[in-house]
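Below: one structure, written as structure tokens.
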Amino acid sequence: MVAPTDADLVSRAQAGRLDAFEELVRRHRLGTFRVALRMLGDESDAEDATQDAFVQAWRNLGGFRADAAFSTWMYRIVTNRCLNMLRSRRRTEPLPDDREAPASRPDRIAEGRWQLQDLTRAIVRLTPEQRAPLVLRELQGCSYEEIAETLDLSISAVKSRLHRARLELLAAMRSWA
Amino acid sequence: MSRVPPLPCGADLGALVAQVADGVPGDLAHQATCPHCQAALAQLDELWQLVDRLARERVEAPERIDAVVMGRIRRAIFTGKAIELFGGLLPRLGWALLTYGGLAERGVGR
């Protein structure tokens, strides 16, 4: 039997079929969680954001356009959820990573994981507005058009924010040396 | 678009970033002999290799997310139905009590 497409499942879920929506959650759990994890830098917060995003998706399912990809729609919802969490976090607490000194360069060269952790830290230190296009483009492989739709921005605004984010990462990398 | 100063050779660092990250064609003839561009490109290559590794890094999304999400949705549906059911009855019950109270006060039915 051919597995139903996302569009089939969305259509059934819009008709009230919970089992269809459960299958959508199962299919898109990883992609949605990955975006949240890269945006927030914390697994527990990413899990909360993913759960909230799917519940919100269920509530707004009636407004989902059939011509859009469900994955792009989920990226949009979870990214906005993360941006809201980051804005409230910024108002209430400092980033824990700000207190951590980066590992010394010889250590990083000897141990590859440290390099990834340094990069992850540098991404978390980007402003949320720079971080979102960077995560979607570099880590999720989204096109500029998909990012523009996800973030409700023009393509030129996406390119501009992404450009600044990339330069910030380069500056962070140079500061390690 | 770039607010960083150009390299000592005059090359735009932003253009080098776009070359490495997006595959935008660069001035290969100049870069072949320019130590500034070569150093910057080497750093960018190192950075983008790291970005690629992070993009390919295996991530596990907790499977319990499915159950938690569906549990929240089922509770929301149940609560919504309960409100729909009892929310409609409560005003009628209140009206009936008020009416009964008013009638009793006037001694109707004694």
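Convention: chains lettered A, B, ... in structure tokens order; per-chain residue numbering from 1; ligands numbered from 1 as shown.
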When you look at segment 57-60 of chain A with a cut-off of 12 Å (counting only C-alpha atoms), what residues show up, excluding the ones that are within fewer than 6 positions of it in the same chain? I need them as an MDAnalysis selection string. (chainID A and resid 10 13:18 20:22 24:25 28 32 50:51 70:78 81) or (chainID B and resid 69:70 72:74 76:77 80)
Any chance you could list, as an mmCIF file with N, CA and C atoms, in the first residue's frame, the residues in chain B that come up alpha helix (DSSP H) when DSSP is run on the backbone?
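Result file is result_39.cif:
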```cif
data_model
loop_
_atom_site.group_PDB
_atom_site.id
_atom_site.type_symbol
_atom_site.label_atom_id
_atom_site.label_comp_id
_atom_site.auth_asym_id
_atom_site.auth_seq_id
_atom_site.Cartn_x
_atom_site.Cartn_y
_atom_site.Cartn_z
ATOM 1 N N LEU B 13 35.300 41.071 1.771
ATOM 2 C CA LEU B 13 35.190 39.818 2.526
ATOM 3 C C LEU B 13 33.817 39.184 2.343
ATOM 4 N N GLY B 14 32.795 40.050 2.246
ATOM 5 C CA GLY B 14 31.433 39.541 2.036
ATOM 6 C C GLY B 14 31.326 38.739 0.750
ATOM 7 N N ALA B 15 32.039 39.192 -0.283
ATOM 8 C CA ALA B 15 32.012 38.469 -1.562
ATOM 9 C C ALA B 15 32.691 37.110 -1.425
ATOM 10 N N LEU B 16 33.748 37.050 -0.616
ATOM 11 C CA LEU B 16 34.417 35.767 -0.395
ATOM 12 C C LEU B 16 33.513 34.811 0.382
ATOM 13 N N VAL B 17 32.758 35.372 1.337
ATOM 14 C CA VAL B 17 31.808 34.547 2.096
ATOM 15 C C VAL B 17 30.772 33.957 1.140
ATOM 16 N N ALA B 18 30.244 34.805 0.261
ATOM 17 C CA ALA B 18 29.233 34.330 -0.704
ATOM 18 C C ALA B 18 29.830 33.285 -1.646
ATOM 19 N N GLN B 19 31.106 33.448 -1.971
ATOM 20 C CA GLN B 19 31.788 32.491 -2.853
ATOM 21 C C GLN B 19 31.839 31.113 -2.206
ATOM 22 N N VAL B 20 32.202 31.094 -0.924
ATOM 23 C CA VAL B 20 32.340 29.801 -0.228
ATOM 24 C C VAL B 20 30.970 29.225 0.149
ATOM 25 N N ALA B 21 30.087 30.086 0.647
ATOM 26 C CA ALA B 21 28.817 29.578 1.186
ATOM 27 C C ALA B 21 27.790 29.297 0.095
ATOM 28 N N ASP B 22 27.749 30.136 -0.926
ATOM 29 C CA ASP B 22 26.700 29.999 -1.949
ATOM 30 C C ASP B 22 27.238 29.597 -3.313
ATOM 31 N N LEU B 28 38.962 34.423 -9.453
ATOM 32 C CA LEU B 28 39.923 33.333 -9.232
ATOM 33 C C LEU B 28 41.342 33.723 -9.649
ATOM 34 N N ALA B 29 41.461 34.540 -10.697
ATOM 35 C CA ALA B 29 42.791 34.947 -11.173
ATOM 36 C C ALA B 29 43.517 35.759 -10.091
ATOM 37 N N HIS B 30 42.790 36.677 -9.452
ATOM 38 C CA HIS B 30 43.372 37.485 -8.376
ATOM 39 C C HIS B 30 43.688 36.603 -7.160
ATOM 40 N N GLN B 31 42.728 35.747 -6.820
ATOM 41 C CA GLN B 31 42.887 34.918 -5.614
ATOM 42 C C GLN B 31 44.062 33.937 -5.738
ATOM 43 N N PRO B 35 47.848 36.624 -1.199
ATOM 44 C CA PRO B 35 47.930 35.934 0.103
ATOM 45 C C PRO B 35 46.776 36.307 1.036
ATOM 46 N N HIS B 36 46.254 37.536 0.913
ATOM 47 C CA HIS B 36 45.144 37.972 1.793
ATOM 48 C C HIS B 36 43.874 37.173 1.478
ATOM 49 N N CYS B 37 43.578 37.079 0.205
ATOM 50 C CA CYS B 37 42.387 36.315 -0.208
ATOM 51 C C CYS B 37 42.565 34.836 0.119
ATOM 52 N N GLN B 38 43.744 34.317 -0.094
ATOM 53 C CA GLN B 38 43.983 32.889 0.172
ATOM 54 C C GLN B 38 43.818 32.578 1.656
ATOM 55 N N ALA B 39 44.317 33.491 2.515
ATOM 56 C CA ALA B 39 44.187 33.268 3.968
ATOM 57 C C ALA B 39 42.715 33.320 4.379
ATOM 58 N N ALA B 40 41.995 34.324 3.839
ATOM 59 C CA ALA B 40 40.568 34.465 4.190
ATOM 60 C C ALA B 40 39.774 33.268 3.679
ATOM 61 N N LEU B 41 40.072 32.818 2.460
ATOM 62 C CA LEU B 41 39.349 31.664 1.896
ATOM 63 C C LEU B 41 39.645 30.389 2.682
ATOM 64 N N ALA B 42 40.881 30.265 3.157
ATOM 65 C CA ALA B 42 41.223 29.075 3.959
ATOM 66 C C ALA B 42 40.406 29.068 5.249
ATOM 67 N N GLN B 43 40.277 30.247 5.890
ATOM 68 C CA GLN B 43 39.462 30.328 7.116
ATOM 69 C C GLN B 43 38.001 30.012 6.823
ATOM 70 N N LEU B 44 37.509 30.573 5.714
ATOM 71 C CA LEU B 44 36.109 30.334 5.363
ATOM 72 C C LEU B 44 35.852 28.868 5.030
ATOM 73 N N ASP B 45 36.796 28.252 4.341
ATOM 74 C CA ASP B 45 36.653 26.817 4.045
ATOM 75 C C ASP B 45 36.574 26.013 5.334
ATOM 76 N N GLU B 46 37.438 26.356 6.298
ATOM 77 C CA GLU B 46 37.452 25.650 7.584
ATOM 78 C C GLU B 46 36.109 25.832 8.298
ATOM 79 N N LEU B 47 35.628 27.097 8.285
ATOM 80 C CA LEU B 47 34.353 27.383 8.941
ATOM 81 C C LEU B 47 33.213 26.614 8.280
ATOM 82 N N TRP B 48 33.205 26.597 6.932
ATOM 83 C CA TRP B 48 32.070 25.952 6.251
ATOM 84 C C TRP B 48 32.127 24.435 6.342
ATOM 85 N N GLN B 49 33.320 23.889 6.469
ATOM 86 C CA GLN B 49 33.405 22.443 6.720
ATOM 87 C C GLN B 49 32.758 22.106 8.062
ATOM 88 N N LEU B 50 32.988 23.018 9.020
ATOM 89 C CA LEU B 50 32.402 22.834 10.352
ATOM 90 C C LEU B 50 30.880 22.969 10.297
ATOM 91 N N VAL B 51 30.424 23.972 9.536
ATOM 92 C CA VAL B 51 28.971 24.182 9.384
ATOM 93 C C VAL B 51 28.342 22.938 8.747
ATOM 94 N N ASP B 52 29.008 22.381 7.731
ATOM 95 C CA ASP B 52 28.502 21.166 7.083
ATOM 96 C C ASP B 52 28.430 20.006 8.066
ATOM 97 N N ARG B 53 29.453 19.910 8.912
ATOM 98 C CA ARG B 53 29.452 18.825 9.906
ATOM 99 C C ARG B 53 28.297 18.986 10.883
ATOM 100 N N LEU B 54 28.056 20.230 11.287
ATOM 101 C CA LEU B 54 26.947 20.476 12.216
ATOM 102 C C LEU B 54 25.614 20.162 11.531
ATOM 103 N N ALA B 55 25.500 20.515 10.255
ATOM 104 C CA ALA B 55 24.257 20.241 9.519
ATOM 105 C C ALA B 55 24.020 18.739 9.402
ATOM 106 N N ARG B 56 25.105 17.967 9.301
ATOM 107 C CA ARG B 56 24.964 16.510 9.131
ATOM 108 C C ARG B 56 24.967 15.772 10.468
ATOM 109 N N ARG B 64 8.787 10.779 22.819
ATOM 110 C CA ARG B 64 7.658 11.107 23.706
ATOM 111 C C ARG B 64 6.919 12.359 23.246
ATOM 112 N N ILE B 65 7.576 13.150 22.384
ATOM 113 C CA ILE B 65 6.925 14.369 21.871
ATOM 114 C C ILE B 65 5.572 14.021 21.250
ATOM 115 N N ASP B 66 5.510 12.914 20.500
ATOM 116 C CA ASP B 66 4.258 12.524 19.828
ATOM 117 C C ASP B 66 3.127 12.357 20.854
ATOM 118 N N ALA B 67 3.430 11.589 21.906
ATOM 119 C CA ALA B 67 2.401 11.292 22.900
ATOM 120 C C ALA B 67 1.987 12.551 23.660
ATOM 121 N N VAL B 68 2.972 13.399 23.985
ATOM 122 C CA VAL B 68 2.652 14.625 24.730
ATOM 123 C C VAL B 68 1.772 15.536 23.875
ATOM 124 N N VAL B 69 2.153 15.689 22.605
ATOM 125 C CA VAL B 69 1.388 16.561 21.701
ATOM 126 C C VAL B 69 -0.048 16.045 21.558
ATOM 127 N N MET B 70 -0.187 14.743 21.284
ATOM 128 C CA MET B 70 -1.526 14.200 21.064
ATOM 129 C C MET B 70 -2.352 14.247 22.342
ATOM 130 N N GLY B 71 -1.696 14.065 23.491
ATOM 131 C CA GLY B 71 -2.392 14.173 24.774
ATOM 132 C C GLY B 71 -2.927 15.588 24.984
ATOM 133 N N ARG B 72 -2.102 16.579 24.665
ATOM 134 C CA ARG B 72 -2.540 17.982 24.818
ATOM 135 C C ARG B 72 -3.706 18.283 23.883
ATOM 136 N N ILE B 73 -3.624 17.757 22.656
ATOM 137 C CA ILE B 73 -4.694 18.019 21.685
ATOM 138 C C ILE B 73 -5.992 17.343 22.127
ATOM 139 N N ARG B 74 -5.891 16.097 22.608
ATOM 140 C CA ARG B 74 -7.106 15.381 23.042
ATOM 141 C C ARG B 74 -7.748 16.095 24.243
ATOM 142 N N ARG B 75 -6.900 16.568 25.167
ATOM 143 C CA ARG B 75 -7.452 17.302 26.325
ATOM 144 C C ARG B 75 -8.137 18.591 25.870
ATOM 145 N N ALA B 76 -7.505 19.278 24.907
ATOM 146 C CA ALA B 76 -8.090 20.531 24.406
ATOM 147 C C ALA B 76 -9.433 20.256 23.734
ATOM 148 N N ILE B 77 -9.499 19.149 22.984
ATOM 149 C CA ILE B 77 -10.762 18.803 22.318
ATOM 150 C C ILE B 77 -11.825 18.473 23.366
ATOM 151 N N PHE B 78 -11.441 17.675 24.365
ATOM 152 C CA PHE B 78 -12.390 17.290 25.418
ATOM 153 C C PHE B 78 -12.887 18.530 26.170
ATOM 154 N N THR B 79 -11.927 19.413 26.527
ATOM 155 C CA THR B 79 -12.301 20.626 27.263
ATOM 156 C C THR B 79 -13.229 21.486 26.417
ATOM 157 N N GLY B 80 -12.901 21.593 25.127
ATOM 158 C CA GLY B 80 -13.739 22.397 24.227
ATOM 159 C C GLY B 80 -15.138 21.829 24.128
ATOM 160 N N LYS B 81 -15.249 20.491 24.046
ATOM 161 C CA LYS B 81 -16.574 19.867 23.950
ATOM 162 C C LYS B 81 -17.350 20.039 25.247
ATOM 163 N N ALA B 82 -16.612 19.938 26.378
ATOM 164 C CA ALA B 82 -17.269 20.091 27.678
ATOM 165 C C ALA B 82 -17.830 21.504 27.828
ATOM 166 N N ILE B 83 -17.018 22.485 27.370
ATOM 167 C CA ILE B 83 -17.478 23.874 27.466
ATOM 168 C C ILE B 83 -18.683 24.079 26.550
ATOM 169 N N GLU B 84 -18.579 23.472 25.353
ATOM 170 C CA GLU B 84 -19.667 23.590 24.388
ATOM 171 C C GLU B 84 -20.962 22.997 24.971
ATOM 172 N N LEU B 85 -20.794 21.841 25.635
ATOM 173 C CA LEU B 85 -21.961 21.137 26.175
ATOM 174 C C LEU B 85 -22.523 21.846 27.404
ATOM 175 N N PHE B 86 -21.638 22.041 28.395
ATOM 176 C CA PHE B 86 -22.125 22.599 29.664
ATOM 177 C C PHE B 86 -22.224 24.122 29.620
ATOM 178 N N GLY B 87 -21.375 24.727 28.760
ATOM 179 C CA GLY B 87 -21.436 26.190 28.626
ATOM 180 C C GLY B 87 -22.799 26.625 28.134
ATOM 181 N N GLY B 88 -23.429 25.821 27.284
ATOM 182 C CA GLY B 88 -24.753 26.157 26.769
ATOM 183 C C GLY B 88 -25.834 25.917 27.822
ATOM 184 N N LEU B 89 -25.606 24.957 28.694
ATOM 185 C CA LEU B 89 -26.619 24.621 29.701
ATOM 186 C C LEU B 89 -26.634 25.603 30.872
ATOM 187 N N LEU B 90 -25.437 26.107 31.222
ATOM 188 C CA LEU B 90 -25.332 26.939 32.440
ATOM 189 C C LEU B 90 -26.230 28.186 32.410
ATOM 190 N N PRO B 91 -26.229 28.980 31.313
ATOM 191 C CA PRO B 91 -27.105 30.154 31.306
ATOM 192 C C PRO B 91 -28.579 29.770 31.452
ATOM 193 N N ARG B 92 -28.958 28.650 30.845
ATOM 194 C CA ARG B 92 -30.363 28.222 30.933
ATOM 195 C C ARG B 92 -30.703 27.820 32.363
ATOM 196 N N LEU B 93 -29.741 27.127 33.006
ATOM 197 C CA LEU B 93 -29.947 26.712 34.388
ATOM 198 C C LEU B 93 -30.062 27.947 35.285
ATOM 199 N N GLY B 94 -29.178 28.933 35.032
ATOM 200 C CA GLY B 94 -29.211 30.170 35.815
ATOM 201 C C GLY B 94 -30.542 30.885 35.644
ATOM 202 N N TRP B 95 -31.021 30.947 34.399
ATOM 203 C CA TRP B 95 -32.301 31.613 34.117
ATOM 204 C C TRP B 95 -33.442 30.884 34.820
ATOM 205 N N ALA B 96 -33.374 29.543 34.792
ATOM 206 C CA ALA B 96 -34.431 28.747 35.441
ATOM 207 C C ALA B 96 -34.445 29.002 36.955
ATOM 208 N N LEU B 97 -33.263 29.089 37.549
ATOM 209 C CA LEU B 97 -33.189 29.339 38.997
ATOM 210 C C LEU B 97 -33.731 30.716 39.349
ATOM 211 N N LEU B 98 -33.337 31.706 38.513
ATOM 212 C CA LEU B 98 -33.818 33.072 38.759
ATOM 213 C C LEU B 98 -35.342 33.132 38.637
ATOM 214 N N THR B 99 -35.858 32.477 37.615
ATOM 215 C CA THR B 99 -37.306 32.471 37.388
ATOM 216 C C THR B 99 -38.024 31.799 38.545
ATOM 217 N N TYR B 100 -37.459 30.649 38.975
ATOM 218 C CA TYR B 100 -38.077 29.920 40.085
ATOM 219 C C TYR B 100 -38.042 30.778 41.355
ATOM 220 N N GLY B 101 -36.872 31.446 41.563
ATOM 221 C CA GLY B 101 -36.730 32.279 42.754
ATOM 222 C C GLY B 101 -37.749 33.410 42.756
ATOM 223 N N GLY B 102 -37.923 34.035 41.581
ATOM 224 C CA GLY B 102 -38.870 35.154 41.457
ATOM 225 C C GLY B 102 -40.293 34.695 41.715
ATOM 226 N N LEU B 103 -40.637 33.550 41.191
ATOM 227 C CA LEU B 103 -41.989 33.030 41.372
ATOM 228 C C LEU B 103 -42.235 32.677 42.833
ATOM 229 N N ALA B 104 -41.220 32.068 43.452
ATOM 230 C CA ALA B 104 -41.353 31.668 44.850
ATOM 231 C C ALA B 104 -41.538 32.897 45.744
ATOM 232 N N GLU B 105 -40.800 33.984 45.386
ATOM 233 C CA GLU B 105 -40.880 35.219 46.184
ATOM 234 C C GLU B 105 -42.303 35.804 46.149
#
```
Within 9 Å of chain B, which residues belong to chain A? Use only C-alpha atoms and report them as a ChimeraX atom specification. /A:18,21-23,25-26,29-34,43,47-48,50-52,54-55,58-59,115-116,119-120,135,138-141,160,163-164,166-167,169-170,173-174
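With atom CA of Gln56 of chain A on one side and atom CA of Ser156 of chain A on the other, the separation reads 28.8 Å.
For the pair atom CA of Arg27 of chain A and atom CA of Arg131 of chain A, the interatomic distance is 24.8 Å.
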Compile the contact shell of Met85 of chain A as a PDB file with C-alpha atoms, in the first residue's frame: residues with an atom at most 9 Å away, counting only C-alpha atoms, same-chain residues fewer than 5 positions apart removed.
```pdb
ATOM      1  CA  LEU A  40      17.537  27.598  21.199  1.00  0.00           C
ATOM      2  CA  ASP A  45      13.638  24.091  25.552  1.00  0.00           C
ATOM      3  CA  ALA A  49       9.023  24.536  21.543  1.00  0.00           C
ATOM      4  CA  ASN A  80       8.268  31.958  15.541  1.00  0.00           C
ATOM      5  CA  ARG A  90      16.645  37.851  26.627  1.00  0.00           C
TER       6      ARG A  90
END
```
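The gap separating atom CA of Leu134 of chain A from atom CA of Arg38 of chain A is 9.6 Å, in Å to one decimal.
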List the spatial neighbours of Glu145 of chain A as a list in words - criterion: any atom at most 9 Å away, only C-alpha atoms, same-chain residues fewer than 4 positions off excluded. Glu149, Thr150, Ser154, Ile155 and Val158 of chain A
